[in-house]
$ cat start-v3.cif   # mmCIF, C-alpha atoms
data_data
loop_
_atom_site.label_atom_id
_atom_site.label_comp_id
_atom_site.auth_asym_id
_atom_site.auth_seq_id
_atom_site.Cartn_x
_atom_site.Cartn_y
_atom_site.Cartn_z
CA MET A 1 -21.88 5.60 11.25
CA SER A 2 -21.72 6.79 7.66
CA PRO A 3 -19.56 9.28 5.74
CA ALA A 4 -20.80 12.84 6.26
CA ALA A 5 -20.80 16.04 4.29
CA VAL A 6 -20.25 14.44 0.88
CA PRO A 7 -21.71 16.73 -1.78
CA ASP A 8 -24.72 15.40 -3.63
CA SER A 9 -23.16 13.54 -6.54
CA SER A 10 -26.20 14.23 -8.67
CA ALA A 11 -25.89 18.00 -8.26
CA THR A 12 -24.76 20.12 -11.17
CA PRO A 13 -21.19 21.34 -10.53
CA THR A 14 -20.67 25.08 -10.46
CA SER A 15 -17.31 24.79 -12.25
CA PRO A 16 -15.66 22.22 -14.51
CA PRO A 17 -14.59 19.04 -12.68
CA PRO A 18 -10.90 18.58 -11.94
CA THR A 19 -8.98 16.57 -14.51
CA PRO A 20 -6.01 14.20 -14.15
CA SER A 21 -2.47 15.12 -15.08
CA ASP A 22 -1.75 14.45 -18.72
CA PRO A 23 0.21 12.29 -18.81
CA PHE A 24 -0.42 10.79 -15.37
CA PHE A 25 2.52 8.39 -15.75
CA THR A 26 5.62 8.65 -17.90
CA ILE A 27 8.01 5.76 -18.49
CA GLY A 28 11.76 6.25 -18.24
CA THR A 29 14.35 3.46 -18.54
CA ARG A 30 13.21 -0.06 -19.35
CA LEU A 31 14.88 -3.07 -17.79
CA ASP A 32 16.47 -5.13 -20.55
CA GLY A 33 14.64 -8.37 -21.25
CA GLN A 34 12.21 -7.89 -18.37
CA LEU A 35 9.05 -5.97 -17.53
CA GLY A 36 10.62 -3.59 -15.03
CA ARG A 37 11.03 0.12 -15.71
CA THR A 38 11.60 3.47 -14.12
CA GLY A 39 9.05 6.23 -14.44
CA VAL A 40 7.31 9.21 -12.89
CA ILE A 41 3.77 9.43 -11.49
CA HIS A 42 2.51 13.00 -11.69
CA THR A 43 0.15 14.09 -8.90
CA PRO A 44 -1.30 17.43 -7.76
CA HIS A 45 1.11 17.39 -4.81
CA GLY A 46 4.27 16.48 -6.67
CA ASP A 47 5.92 13.76 -8.71
CA ILE A 48 6.73 10.24 -7.54
CA ARG A 49 9.82 8.78 -9.19
CA THR A 50 9.36 5.04 -9.62
CA PRO A 51 10.10 2.38 -8.53
CA SER A 52 9.22 3.87 -5.16
CA PHE A 53 8.34 2.67 -1.67
CA VAL A 54 5.20 4.29 -0.27
CA ALA A 55 5.52 4.54 3.51
CA VAL A 56 2.36 3.62 5.42
CA GLY A 57 0.78 6.07 7.85
CA THR A 58 -2.32 4.02 8.63
CA LYS A 59 -4.17 6.53 10.81
CA ALA A 60 -2.72 9.64 9.13
CA THR A 61 0.60 9.10 10.87
CA VAL A 62 3.62 6.88 10.42
CA LYS A 63 3.68 5.50 13.94
CA ALA A 64 6.21 7.22 16.24
CA VAL A 65 7.62 9.47 13.47
CA LEU A 66 6.93 13.10 12.53
CA PRO A 67 5.88 13.81 8.93
CA GLU A 68 8.86 16.16 8.76
CA SER A 69 11.14 13.23 9.58
CA MET A 70 9.58 11.19 6.79
CA LYS A 71 10.34 14.02 4.36
CA GLU A 72 13.93 14.24 5.61
CA LEU A 73 14.55 10.51 5.19
CA GLY A 74 13.45 10.66 1.57
CA ALA A 75 9.88 9.35 1.53
CA GLN A 76 8.16 10.59 -1.62
CA SER A 77 4.61 9.69 -0.62
CA LEU A 78 2.54 8.31 2.26
CA LEU A 79 -0.45 5.95 2.38
CA ALA A 80 -3.27 6.06 4.94
CA ASN A 81 -6.12 3.65 5.53
CA ALA A 82 -9.72 4.47 4.71
CA TYR A 83 -11.16 1.96 7.19
CA HIS A 84 -9.31 3.36 10.20
CA LEU A 85 -9.86 7.02 9.30
CA TYR A 86 -13.55 6.32 8.68
CA LEU A 87 -13.89 4.99 12.22
CA GLN A 88 -11.69 7.66 13.76
CA PRO A 89 -11.76 10.67 13.46
CA GLY A 90 -14.25 10.39 10.56
CA PRO A 91 -13.71 11.36 6.91
CA ASP A 92 -15.79 14.53 7.30
CA ILE A 93 -13.26 15.90 9.79
CA VAL A 94 -10.35 15.13 7.46
CA ASP A 95 -12.26 16.78 4.61
CA GLU A 96 -12.96 19.88 6.70
CA ALA A 97 -9.25 20.08 7.53
CA GLY A 98 -8.45 20.33 3.83
CA GLY A 99 -7.78 16.68 3.08
CA LEU A 100 -5.35 14.05 4.29
CA GLY A 101 -2.15 15.93 3.50
CA ALA A 102 -3.24 19.14 5.20
CA PHE A 103 -4.65 17.22 8.18
CA MET A 104 -1.34 15.45 8.86
CA ASN A 105 0.95 18.28 7.74
CA TRP A 106 2.34 16.37 4.76
CA ASP A 107 2.70 18.38 1.55
CA GLY A 108 3.69 15.51 -0.74
CA PRO A 109 1.64 12.92 -2.66
CA THR A 110 -0.75 10.72 -0.69
CA PHE A 111 -2.51 7.39 -1.20
CA THR A 112 -5.48 5.83 0.58
CA ASP A 113 -6.47 2.19 0.29
CA SER A 114 -10.13 1.32 -0.01
CA GLY A 115 -10.60 -0.20 3.44
CA GLY A 116 -11.37 -3.59 1.93
CA PHE A 117 -8.33 -5.31 3.39
CA GLN A 118 -9.03 -4.17 6.96
CA VAL A 119 -12.76 -4.82 6.74
CA MET A 120 -12.11 -8.42 5.77
CA SER A 121 -8.86 -9.23 7.59
CA LEU A 122 -10.04 -7.78 10.90
CA GLY A 123 -13.51 -9.19 10.42
CA VAL A 124 -12.50 -12.72 9.51
CA GLY A 125 -9.44 -12.81 11.73
CA PHE A 126 -6.78 -13.66 9.16
CA LYS A 127 -3.40 -11.96 9.18
CA LYS A 128 -1.40 -10.81 6.16
CA VAL A 129 1.37 -13.25 7.00
CA LEU A 130 -0.90 -16.11 6.01
CA ALA A 131 -1.06 -14.79 2.47
CA MET A 132 2.73 -14.66 2.15
CA GLU A 133 3.94 -17.73 4.03
CA HIS A 134 1.22 -20.34 4.37
CA VAL A 135 1.57 -23.28 2.00
CA GLY A 136 -1.50 -25.29 1.15
CA VAL A 137 -5.12 -24.33 0.66
CA ARG A 138 -8.01 -25.11 2.96
CA SER A 139 -11.45 -23.63 3.30
CA ASP A 140 -11.59 -20.45 5.36
CA GLU A 141 -14.72 -21.83 6.97
CA VAL A 142 -12.62 -24.65 8.43
CA ILE A 143 -9.86 -22.33 9.66
CA ALA A 144 -12.29 -19.81 11.14
CA ALA A 145 -14.44 -22.43 12.86
CA GLY A 146 -15.28 -21.36 16.38
CA LYS A 147 -14.46 -17.68 15.73
CA GLU A 148 -17.00 -14.92 15.51
CA ARG A 149 -16.86 -13.48 12.02
CA LEU A 150 -17.06 -9.70 12.31
CA ALA A 151 -17.56 -9.19 8.57
CA THR A 152 -20.01 -10.70 6.09
CA VAL A 153 -19.89 -10.22 2.32
CA ASP A 154 -22.73 -10.06 -0.16
CA ASP A 155 -22.87 -8.87 -3.75
CA ASP A 156 -23.73 -5.33 -2.70
CA GLY A 157 -20.97 -4.82 -0.12
CA VAL A 158 -19.67 -5.79 3.32
CA THR A 159 -21.30 -5.47 6.73
CA PHE A 160 -18.84 -5.44 9.60
CA LYS A 161 -18.37 -4.66 13.26
CA SER A 162 -15.89 -2.02 14.34
CA HIS A 163 -12.81 -3.46 16.03
CA LEU A 164 -12.93 -0.40 18.32
CA ASP A 165 -16.36 -0.66 19.89
CA GLY A 166 -18.29 -3.42 18.13
CA SER A 167 -20.66 -1.02 16.36
CA ARG A 168 -22.06 -2.18 13.03
CA HIS A 169 -21.12 -0.53 9.73
CA ARG A 170 -21.50 -1.19 6.03
CA PHE A 171 -19.07 -0.54 3.18
CA THR A 172 -20.19 -0.63 -0.42
CA PRO A 173 -18.21 0.51 -3.46
CA GLU A 174 -20.06 3.81 -3.31
CA VAL A 175 -19.35 4.32 0.39
CA SER A 176 -15.65 3.55 -0.09
CA MET A 177 -15.47 6.13 -2.88
CA GLN A 178 -17.30 8.70 -0.76
CA ILE A 179 -14.93 8.16 2.16
CA GLN A 180 -11.84 8.35 -0.01
CA HIS A 181 -13.01 11.49 -1.76
CA GLN A 182 -13.45 13.11 1.63
CA LEU A 183 -10.01 11.95 2.71
CA GLY A 184 -8.70 13.61 -0.44
CA ALA A 185 -5.63 11.54 -1.27
CA ASP A 186 -3.99 11.93 -4.69
CA ILE A 187 -4.32 8.20 -5.44
CA ILE A 188 -7.22 6.07 -4.22
CA PHE A 189 -8.19 2.43 -4.73
CA ALA A 190 -11.39 0.76 -5.85
CA PHE A 191 -13.22 -1.32 -3.25
CA ASP A 192 -12.36 -5.01 -3.63
CA GLU A 193 -12.96 -8.23 -1.77
CA LEU A 194 -9.97 -9.61 0.08
CA THR A 195 -9.48 -13.36 -0.21
CA THR A 196 -6.90 -15.62 1.41
CA LEU A 197 -5.14 -18.81 0.43
CA PHE A 198 -7.68 -20.63 2.58
CA ASN A 199 -10.50 -19.78 0.18
CA THR A 200 -11.50 -22.44 -2.32
CA ARG A 201 -11.00 -22.11 -6.09
CA GLU A 202 -14.75 -21.73 -6.48
CA TYR A 203 -14.85 -18.87 -4.03
CA GLN A 204 -11.87 -17.17 -5.69
CA GLU A 205 -13.80 -17.23 -8.98
CA GLN A 206 -16.82 -15.65 -7.32
CA SER A 207 -14.62 -13.04 -5.68
CA VAL A 208 -13.03 -11.98 -8.98
CA GLU A 209 -16.48 -11.50 -10.48
CA ARG A 210 -17.68 -9.59 -7.42
CA THR A 211 -14.62 -7.33 -7.41
CA GLN A 212 -15.18 -6.65 -11.13
CA ALA A 213 -18.79 -5.65 -10.49
CA TRP A 214 -17.72 -3.44 -7.61
CA ALA A 215 -15.10 -1.81 -9.87
CA VAL A 216 -17.84 -0.73 -12.28
CA ARG A 217 -19.68 0.93 -9.42
CA CYS A 218 -16.49 2.54 -8.09
CA ILE A 219 -15.77 4.19 -11.44
CA ALA A 220 -19.32 5.52 -11.68
CA GLU A 221 -19.30 6.95 -8.16
CA HIS A 222 -15.79 8.33 -8.60
CA GLU A 223 -16.90 10.24 -11.69
CA LYS A 224 -19.96 11.66 -9.93
CA LEU A 225 -17.96 12.79 -6.91
CA THR A 226 -15.20 14.25 -9.07
CA ALA A 227 -17.79 16.35 -10.89
CA ALA A 228 -19.42 17.44 -7.62
CA ARG A 229 -16.25 18.23 -5.70
CA THR A 230 -14.73 20.85 -7.98
CA HIS A 231 -12.97 22.52 -5.05
CA ARG A 232 -10.57 19.56 -4.76
CA PRO A 233 -7.83 18.35 -7.12
CA TYR A 234 -8.40 15.27 -9.25
CA GLN A 235 -7.88 11.97 -7.45
CA ALA A 236 -6.46 9.12 -9.53
CA LEU A 237 -8.39 5.87 -9.16
CA PHE A 238 -6.62 2.49 -9.21
CA GLY A 239 -8.40 -0.81 -9.79
CA VAL A 240 -7.36 -3.82 -7.69
CA VAL A 241 -6.43 -7.18 -9.23
CA GLN A 242 -7.51 -10.29 -7.34
CA GLY A 243 -7.29 -13.96 -8.31
CA ALA A 244 -4.98 -15.48 -5.69
CA GLN A 245 -2.47 -17.99 -7.12
CA TYR A 246 -4.47 -18.82 -10.25
CA GLU A 247 -3.03 -17.60 -13.53
CA ASP A 248 -6.31 -17.69 -15.42
CA LEU A 249 -8.10 -15.74 -12.70
CA ARG A 250 -5.36 -13.11 -12.40
CA ARG A 251 -5.26 -12.57 -16.16
CA ARG A 252 -9.06 -12.52 -16.36
CA ALA A 253 -9.20 -9.96 -13.55
CA CYS A 254 -6.65 -7.73 -15.31
CA ARG A 255 -8.46 -7.85 -18.63
CA GLY A 256 -11.78 -7.17 -16.95
CA LEU A 257 -10.51 -4.10 -15.09
CA GLU A 258 -8.72 -2.76 -18.16
CA SER A 259 -11.92 -2.95 -20.20
CA LEU A 260 -13.90 -0.69 -17.87
CA THR A 261 -14.70 2.93 -18.61
CA GLY A 262 -17.19 5.35 -17.14
CA GLU A 263 -19.43 7.89 -18.77
CA THR A 264 -16.44 10.17 -19.36
CA GLY A 265 -14.71 7.41 -21.32
CA ARG A 266 -11.96 7.19 -18.74
CA GLY A 267 -11.19 3.96 -16.90
CA PHE A 268 -8.74 3.32 -14.12
CA ASP A 269 -5.66 5.54 -13.87
CA GLY A 270 -3.53 2.69 -12.55
CA TYR A 271 -3.78 -0.72 -10.92
CA GLY A 272 -3.07 -2.35 -7.59
CA ILE A 273 -1.97 -5.98 -7.40
CA GLY A 274 -3.33 -7.46 -4.20
CA GLY A 275 -4.93 -10.52 -2.76
CA ALA A 276 -3.64 -13.83 -1.55
CA LEU A 277 -0.29 -15.13 -2.73
CA GLU A 278 2.65 -17.14 -1.45
CA LYS A 279 6.01 -15.43 -1.31
CA ASP A 280 7.58 -17.90 -3.74
CA ASN A 281 4.97 -16.99 -6.37
CA LEU A 282 5.21 -13.21 -5.97
CA GLY A 283 7.23 -12.56 -9.12
CA THR A 284 5.18 -14.92 -11.25
CA ILE A 285 1.90 -13.31 -10.22
CA VAL A 286 3.21 -9.77 -10.77
CA ARG A 287 4.45 -10.85 -14.22
CA TRP A 288 1.06 -12.29 -15.18
CA CYS A 289 -0.57 -9.00 -14.25
CA SER A 290 2.05 -6.81 -15.91
CA GLU A 291 1.70 -8.74 -19.14
CA GLU A 292 -2.05 -8.05 -19.18
CA LEU A 293 -2.30 -4.51 -17.80
CA PRO A 294 -1.73 -1.47 -20.03
CA GLU A 295 1.93 -0.51 -20.11
CA HIS A 296 1.30 3.24 -19.88
CA LYS A 297 -0.39 3.00 -16.46
CA PRO A 298 1.39 2.47 -13.11
CA ARG A 299 1.18 -0.78 -11.16
CA HIS A 300 1.15 -0.77 -7.37
CA MET A 301 2.03 -3.85 -5.33
CA LEU A 302 0.07 -3.93 -2.10
CA GLY A 303 1.87 -4.99 1.06
CA ILE A 304 5.52 -5.95 0.42
CA SER A 305 8.68 -4.68 2.12
CA GLU A 306 11.45 -7.30 2.22
CA PRO A 307 14.52 -6.70 0.00
CA ASP A 308 14.09 -9.82 -2.12
CA ASP A 309 10.42 -9.00 -2.69
CA PHE A 310 11.32 -5.55 -4.03
CA PHE A 311 13.75 -6.88 -6.61
CA VAL A 312 11.39 -9.62 -7.77
CA ALA A 313 8.42 -7.26 -7.99
CA VAL A 314 10.37 -4.58 -9.85
CA GLU A 315 11.82 -6.87 -12.48
CA ASN A 316 8.34 -8.23 -13.14
CA GLY A 317 6.77 -4.81 -13.64
CA ALA A 318 5.67 -3.30 -10.32
CA ASP A 319 6.23 0.46 -9.95
CA THR A 320 5.26 1.27 -6.36
CA PHE A 321 4.83 -0.67 -3.11
CA ASP A 322 3.48 -0.08 0.37
CA CYS A 323 3.84 -1.94 3.64
CA VAL A 324 3.68 -1.26 7.39
CA ASN A 325 6.56 -3.62 8.06
CA PRO A 326 9.48 -1.17 8.41
CA SER A 327 7.72 0.69 11.23
CA ARG A 328 6.02 -2.36 12.71
CA VAL A 329 9.17 -4.41 13.20
CA ALA A 330 11.07 -1.32 14.42
CA ARG A 331 8.70 -1.07 17.37
CA ASN A 332 9.71 -4.62 18.25
CA ALA A 333 13.45 -3.85 18.11
CA ALA A 334 14.05 -5.42 14.67
CA ILE A 335 16.55 -3.42 12.61
CA TYR A 336 17.28 -3.54 8.88
CA HIS A 337 20.96 -3.53 7.90
CA PRO A 338 22.77 -4.30 4.63
CA ASP A 339 24.10 -7.46 6.31
CA GLY A 340 20.63 -8.64 7.31
CA ARG A 341 17.96 -7.94 9.90
CA PHE A 342 18.77 -8.23 13.60
CA ASN A 343 17.22 -7.44 16.99
CA ILE A 344 18.85 -4.50 18.75
CA ASN A 345 17.58 -5.54 22.19
CA THR A 346 19.80 -8.61 22.43
CA SER A 347 22.68 -8.62 24.93
CA ARG A 348 25.48 -8.36 22.37
CA PHE A 349 24.59 -4.71 21.72
CA ARG A 350 24.68 -3.60 25.35
CA ARG A 351 28.16 -2.12 24.98
CA ASP A 352 28.21 -1.54 21.23
CA PHE A 353 28.89 2.17 20.81
CA THR A 354 28.75 2.19 17.01
CA PRO A 355 25.78 3.35 14.91
CA ILE A 356 23.36 0.84 13.46
CA ASP A 357 25.07 1.28 10.09
CA GLU A 358 28.13 3.49 9.65
CA ASN A 359 27.19 4.04 6.00
CA CYS A 360 23.58 5.02 6.66
CA ASP A 361 22.73 8.71 6.36
CA CYS A 362 19.61 8.66 8.54
CA TYR A 363 19.19 10.85 11.62
CA THR A 364 19.40 7.88 13.97
CA CYS A 365 22.70 6.57 12.61
CA ALA A 366 24.18 10.07 12.61
CA HIS A 367 23.43 10.70 16.30
CA TYR A 368 22.89 7.48 18.27
CA THR A 369 24.62 4.19 19.06
CA ARG A 370 23.44 0.61 19.17
CA ALA A 371 24.09 0.60 22.92
CA TYR A 372 21.77 3.56 23.43
CA LEU A 373 19.00 1.98 21.33
CA HIS A 374 19.46 -1.27 23.26
CA HIS A 375 19.05 0.70 26.49
CA LEU A 376 15.89 2.44 25.26
CA PHE A 377 14.20 -0.85 24.47
CA LYS A 378 15.22 -2.41 27.77
CA ALA A 379 13.94 0.68 29.59
CA LYS A 380 10.73 0.59 27.53
CA GLU A 381 11.22 4.19 26.41
CA MET A 382 9.04 5.47 23.55
CA LEU A 383 12.04 7.06 21.87
CA ALA A 384 13.22 3.56 20.92
CA SER A 385 10.36 3.20 18.45
CA THR A 386 10.96 6.64 16.97
CA LEU A 387 14.67 6.21 16.34
CA CYS A 388 14.42 2.66 15.00
CA THR A 389 11.48 3.51 12.75
CA ILE A 390 13.43 6.41 11.23
CA HIS A 391 16.27 4.04 10.38
CA ASN A 392 14.07 1.23 9.01
CA GLU A 393 12.04 3.60 6.85
CA ARG A 394 15.23 5.21 5.52
CA PHE A 395 16.73 1.79 4.77
CA THR A 396 13.62 0.76 2.83
CA VAL A 397 13.15 4.03 0.95
CA ARG A 398 16.83 4.16 0.00
CA LEU A 399 16.90 0.53 -1.13
CA VAL A 400 14.08 1.11 -3.62
CA ASP A 401 15.70 4.39 -4.71
CA ASP A 402 18.93 2.48 -5.35
CA ILE A 403 17.02 -0.14 -7.34
CA ARG A 404 15.64 2.66 -9.50
CA ASP A 405 19.11 4.14 -9.97
CA SER A 406 20.52 0.72 -10.88
CA ILE A 407 17.97 0.40 -13.69
CA ASP A 408 18.89 3.82 -15.05
CA ALA A 409 22.58 2.89 -14.81
CA GLY A 410 22.10 -0.45 -16.57
CA ARG A 411 23.34 -2.53 -13.63
CA PHE A 412 20.17 -3.90 -12.06
CA ASP A 413 21.28 -7.55 -12.15
CA GLU A 414 24.64 -6.78 -10.56
CA PHE A 415 23.05 -4.62 -7.86
CA LYS A 416 20.48 -7.31 -7.12
CA ALA A 417 23.15 -9.98 -6.73
CA GLU A 418 25.32 -7.77 -4.53
CA THR A 419 22.50 -6.58 -2.29
CA LEU A 420 20.69 -9.86 -1.76
CA GLY A 421 23.92 -11.84 -1.48
CA ARG A 422 24.97 -9.62 1.38
CA PHE A 423 21.58 -9.27 3.11
CA TYR A 424 20.82 -12.98 3.14
CA ALA A 425 24.37 -14.28 3.55
CA GLY A 426 23.72 -15.55 7.04
CA ARG A 427 20.59 -17.51 6.19
#

$ encode --input "start-v3.cif" --output "structure tokens"
Amino acid sequence: MSPAAVPDSSATPTSPPPTPSDPFFTIGTRLDGQLGRTGVIHTPHGDIRTPSFVAVGTKATVKAVLPESMKELGAQSLLANAYHLYLQPGPDIVDEAGGLGAFMNWDGPTFTDSGGFQVMSLGVGFKKVLAMEHVGVRSDEVIAAGKERLATVDDDGVTFKSHLDGSRHRFTPEVSMQIQHQLGADIIFAFDELTTLFNTREYQEQSVERTQAWAVRCIAEHEKLTAARTHRPYQALFGVVQGAQYEDLRRRACRGLESLTGETGRGFDGYGIGGALEKDNLGTIVRWCSEELPEHKPRHMLGISEPDDFFVAVENGADTFDCVNPSRVARNAAIYHPDGRFNINTSRFRRDFTPIDENCDCYTCAHYTRAYLHHLFKAKEMLASTLCTIHNERFTVRLVDDIRDSIDAGRFDEFKAETLGRFYAGR
């Protein structure tokens, strides 16, 4: 299977290619003595006030929740996954529908990731949790011994088997760009190689070099497709910083990506900070990257959603974040609350006729009780996932909005202490 109906990138465009917003990113209030700031990302489908949480709708849907509900709970933008939409329904169908936003009935800004994370994590069998919690480094060949590797990497790209039907596919930087241009999101990411904490230092070095080489190819293909697809708005391209826990590799990766420009003289519009890291080192790694990356371009942190992670990432320079966690844990009865996370399906909530949070303004808290949600999970009713996801997404979106407001108000440190002191008091 390969992306279909992509215009010939070598063809002469019939009209001038779309151009990015100028400026693409404006900086607002700076956090005293730290790298954090507020700002605004300007996209063809609206502005994103930063810091901001980008809710994840992997397959062009936030699981169990209507796009209209996401708008009502305050989500500014949504992110979908290129790997999954490539396999089903196919990027040509999304393109024919008018792009990701039109396809899923979402009129706000959209992101797509490159597919690199899913190609490698599903192929090798590692889970994201290993990158955030595992301590100690061993070879991935040792950990994966006895498992069939569904993905293999070479300098040109990645060959992998579909997790749906076992069919073979190949992603290269050019293919990832072609897919993402068809999906039509406002912000897209360069194709990178995912590594884990199990990879050796030597392999991490090779991966940084490979991701840099792929970034060059992504910029070139992005420029060609932008010129060919004049009927679509400009899509901002973000480079992805790898380097695991190594300061020299992270800084080298940042400098390498920043130095790249295409034939138009334009490089990346922003940057994603990804790859393997331990939770305790999150802030340090974000700081290394923020110190190296250009200040006037936004920085996106891939895959974080816990309250302490938000504060640490923001104060060290991250502007936006995405993660599936608020919806994923909601489907397993885990609820976010200012006093900490708890499971609504435990017996103590059977006769609790209060809302999840009396101070929450989400639809779920306004209309339903803990007892009812407890009942829905025990009865295995689908509505349980819908109502709990609405609350968790609202909690997460509002928390990051409040962080942004605290920076503007000059009380970030006080808000951080109050919020985290309360949320983690019972730990």

$ resolve_selection --input "start-v3.cif" --expression "the PyMOL selection byres ((chain A and resi 316-323) around 7)" --output "NGL selection string"
:A and (34-37 or 50-56 or 283 or 286-287 or 290 or 298-305 or 312-315 or 324-325)

$ resolve_selection --input "start-v3.cif" --expression "the PyMOL selection byres ((chain A and resi 106) around 10)" --output "list in words"
His45, Ala60, Thr61, Leu66, Pro67, Glu68, Met70, Lys71, Ser77, Leu78, Leu100, Gly101, Ala102, Phe103, Met104, Asn105, Asp107, Gly108, Pro109 and Thr110 of chain A

$ atom_distance --input "start-v3.cif" --atom1 "atom CA of Asp408 of chain A" --atom2 "atom CA of Phe310 of chain A"
16.3 Å

$ residues_around --input "start-v3.cif" --residues "Phe268 of chain A" --least-positions-apart "2" --cutoff "7 Å" --atoms "all atoms listed in the file" --output "PyMOL selection string"
chain A and resi 237-239+266+270

$ resolve_selection --input "start-v3.cif" --expression "the PyMOL selection byres ((chain A and resi 181-186) around 8)" --output "list of chain:residue names"
A:Val6, A:Thr43, A:Pro44, A:His45, A:Ala82, A:Pro91, A:Asp92, A:Val94, A:Asp95, A:Gly98, A:Gly99, A:Leu100, A:Gly101, A:Pro109, A:Thr110, A:Phe111, A:Thr112, A:Met177, A:Gln178, A:Ile179, A:Gln180, A:Ile187, A:Ile188, A:Leu225, A:Arg232, A:Pro233, A:Tyr234, A:Gln235, A:Ala236

$ write_last_selection --input "start-v3.cif" --atoms "C-alpha atoms" --output "PDB file, keeping the file's coordinate frame"
ATOM      1  CA  VAL A   6     -20.250  14.440   0.880  1.00  0.00           C
ATOM      2  CA  THR A  43       0.150  14.090  -8.900  1.00  0.00           C
ATOM      3  CA  PRO A  44      -1.300  17.430  -7.760  1.00  0.00           C
ATOM      4  CA  HIS A  45       1.110  17.390  -4.810  1.00  0.00           C
ATOM      5  CA  ALA A  82      -9.720   4.470   4.710  1.00  0.00           C
ATOM      6  CA  PRO A  91     -13.710  11.360   6.910  1.00  0.00           C
ATOM      7  CA  ASP A  92     -15.790  14.530   7.300  1.00  0.00           C
ATOM      8  CA  VAL A  94     -10.350  15.130   7.460  1.00  0.00           C
ATOM      9  CA  ASP A  95     -12.260  16.780   4.610  1.00  0.00           C
ATOM     10  CA  GLY A  98      -8.450  20.330   3.830  1.00  0.00           C
ATOM     11  CA  GLY A  99      -7.780  16.680   3.080  1.00  0.00           C
ATOM     12  CA  LEU A 100      -5.350  14.050   4.290  1.00  0.00           C
ATOM     13  CA  GLY A 101      -2.150  15.930   3.500  1.00  0.00           C
ATOM     14  CA  PRO A 109       1.640  12.920  -2.660  1.00  0.00           C
ATOM     15  CA  THR A 110      -0.750  10.720  -0.690  1.00  0.00           C
ATOM     16  CA  PHE A 111      -2.510   7.390  -1.200  1.00  0.00           C
ATOM     17  CA  THR A 112      -5.480   5.830   0.580  1.00  0.00           C
ATOM     18  CA  MET A 177     -15.470   6.130  -2.880  1.00  0.00           C
ATOM     19  CA  GLN A 178     -17.300   8.700  -0.760  1.00  0.00           C
ATOM     20  CA  ILE A 179     -14.930   8.160   2.160  1.00  0.00           C
ATOM     21  CA  GLN A 180     -11.840   8.350  -0.010  1.00  0.00           C
ATOM     22  CA  ILE A 187      -4.320   8.200  -5.440  1.00  0.00           C
ATOM     23  CA  ILE A 188      -7.220   6.070  -4.220  1.00  0.00           C
ATOM     24  CA  LEU A 225     -17.960  12.790  -6.910  1.00  0.00           C
ATOM     25  CA  ARG A 232     -10.570  19.560  -4.760  1.00  0.00           C
ATOM     26  CA  PRO A 233      -7.830  18.350  -7.120  1.00  0.00           C
ATOM     27  CA  TYR A 234      -8.400  15.270  -9.250  1.00  0.00           C
ATOM     28  CA  GLN A 235      -7.880  11.970  -7.450  1.00  0.00           C
ATOM     29  CA  ALA A 236      -6.460   9.120  -9.530  1.00  0.00           C
TER      30      ALA A 236
END

$ closest_residue --input "start-v3.cif" --among "A:Asp113, A:Glu221, A:Asp401, A:Glu292" --to "Gly256 of chain A" --atoms "all atoms listed in the file"
A:Glu292

$ closest_residue --input "start-v3.cif" --among "A:Leu87, A:Gly116, A:Glu414, A:Tyr372" --to "Ala384 of chain A" --atoms "all atoms listed in the file"
A:Tyr372

$ closest_residue --input "start-v3.cif" --among "A:Glu393, A:Asp402, A:Glu202, A:Asp308" --to "Val62 of chain A" --atoms "all atoms listed in the file"
A:Glu393

$ atom_distance --input "start-v3.cif" --atom1 "atom CA of Gly74 of chain A" --atom2 "atom CA of Thr346 of chain A"
29.1 Å

$ residues_near_point --input "start-v3.cif" --point "(-18.4, -5.3, 4.9)" --cutoff "10 Å" --atoms "all atoms listed in the file" --output "compact mmCIF listing (two decimals) with C-alpha atoms, in the frame of the given file"
# COMPACT_ATOMS: atom_id res chain seq x y z
CA GLY A 115 -10.60 -0.20 3.44
CA GLY A 116 -11.37 -3.59 1.93
CA GLN A 118 -9.03 -4.17 6.96
CA VAL A 119 -12.76 -4.82 6.74
CA MET A 120 -12.11 -8.42 5.77
CA GLY A 123 -13.51 -9.19 10.42
CA LEU A 150 -17.06 -9.70 12.31
CA ALA A 151 -17.56 -9.19 8.57
CA THR A 152 -20.01 -10.70 6.09
CA VAL A 153 -19.89 -10.22 2.32
CA ASP A 154 -22.73 -10.06 -0.16
CA ASP A 156 -23.73 -5.33 -2.70
CA GLY A 157 -20.97 -4.82 -0.12
CA VAL A 158 -19.67 -5.79 3.32
CA THR A 159 -21.30 -5.47 6.73
CA PHE A 160 -18.84 -5.44 9.60
CA LYS A 161 -18.37 -4.66 13.26
CA ARG A 168 -22.06 -2.18 13.03
CA HIS A 169 -21.12 -0.53 9.73
CA ARG A 170 -21.50 -1.19 6.03
CA PHE A 171 -19.07 -0.54 3.18
CA THR A 172 -20.19 -0.63 -0.42
CA GLU A 193 -12.96 -8.23 -1.77

$ atom_distance --input "start-v3.cif" --atom1 "atom CA of Ala330 of chain A" --atom2 "atom CA of Ile273 of chain A"
25.8 Å

$ closest_residue --input "start-v3.cif" --among "A:Asp269, A:Glu247, A:Glu295, A:Glu263" --to "Gly39 of chain A" --atoms "all atoms listed in the file"
A:Glu295
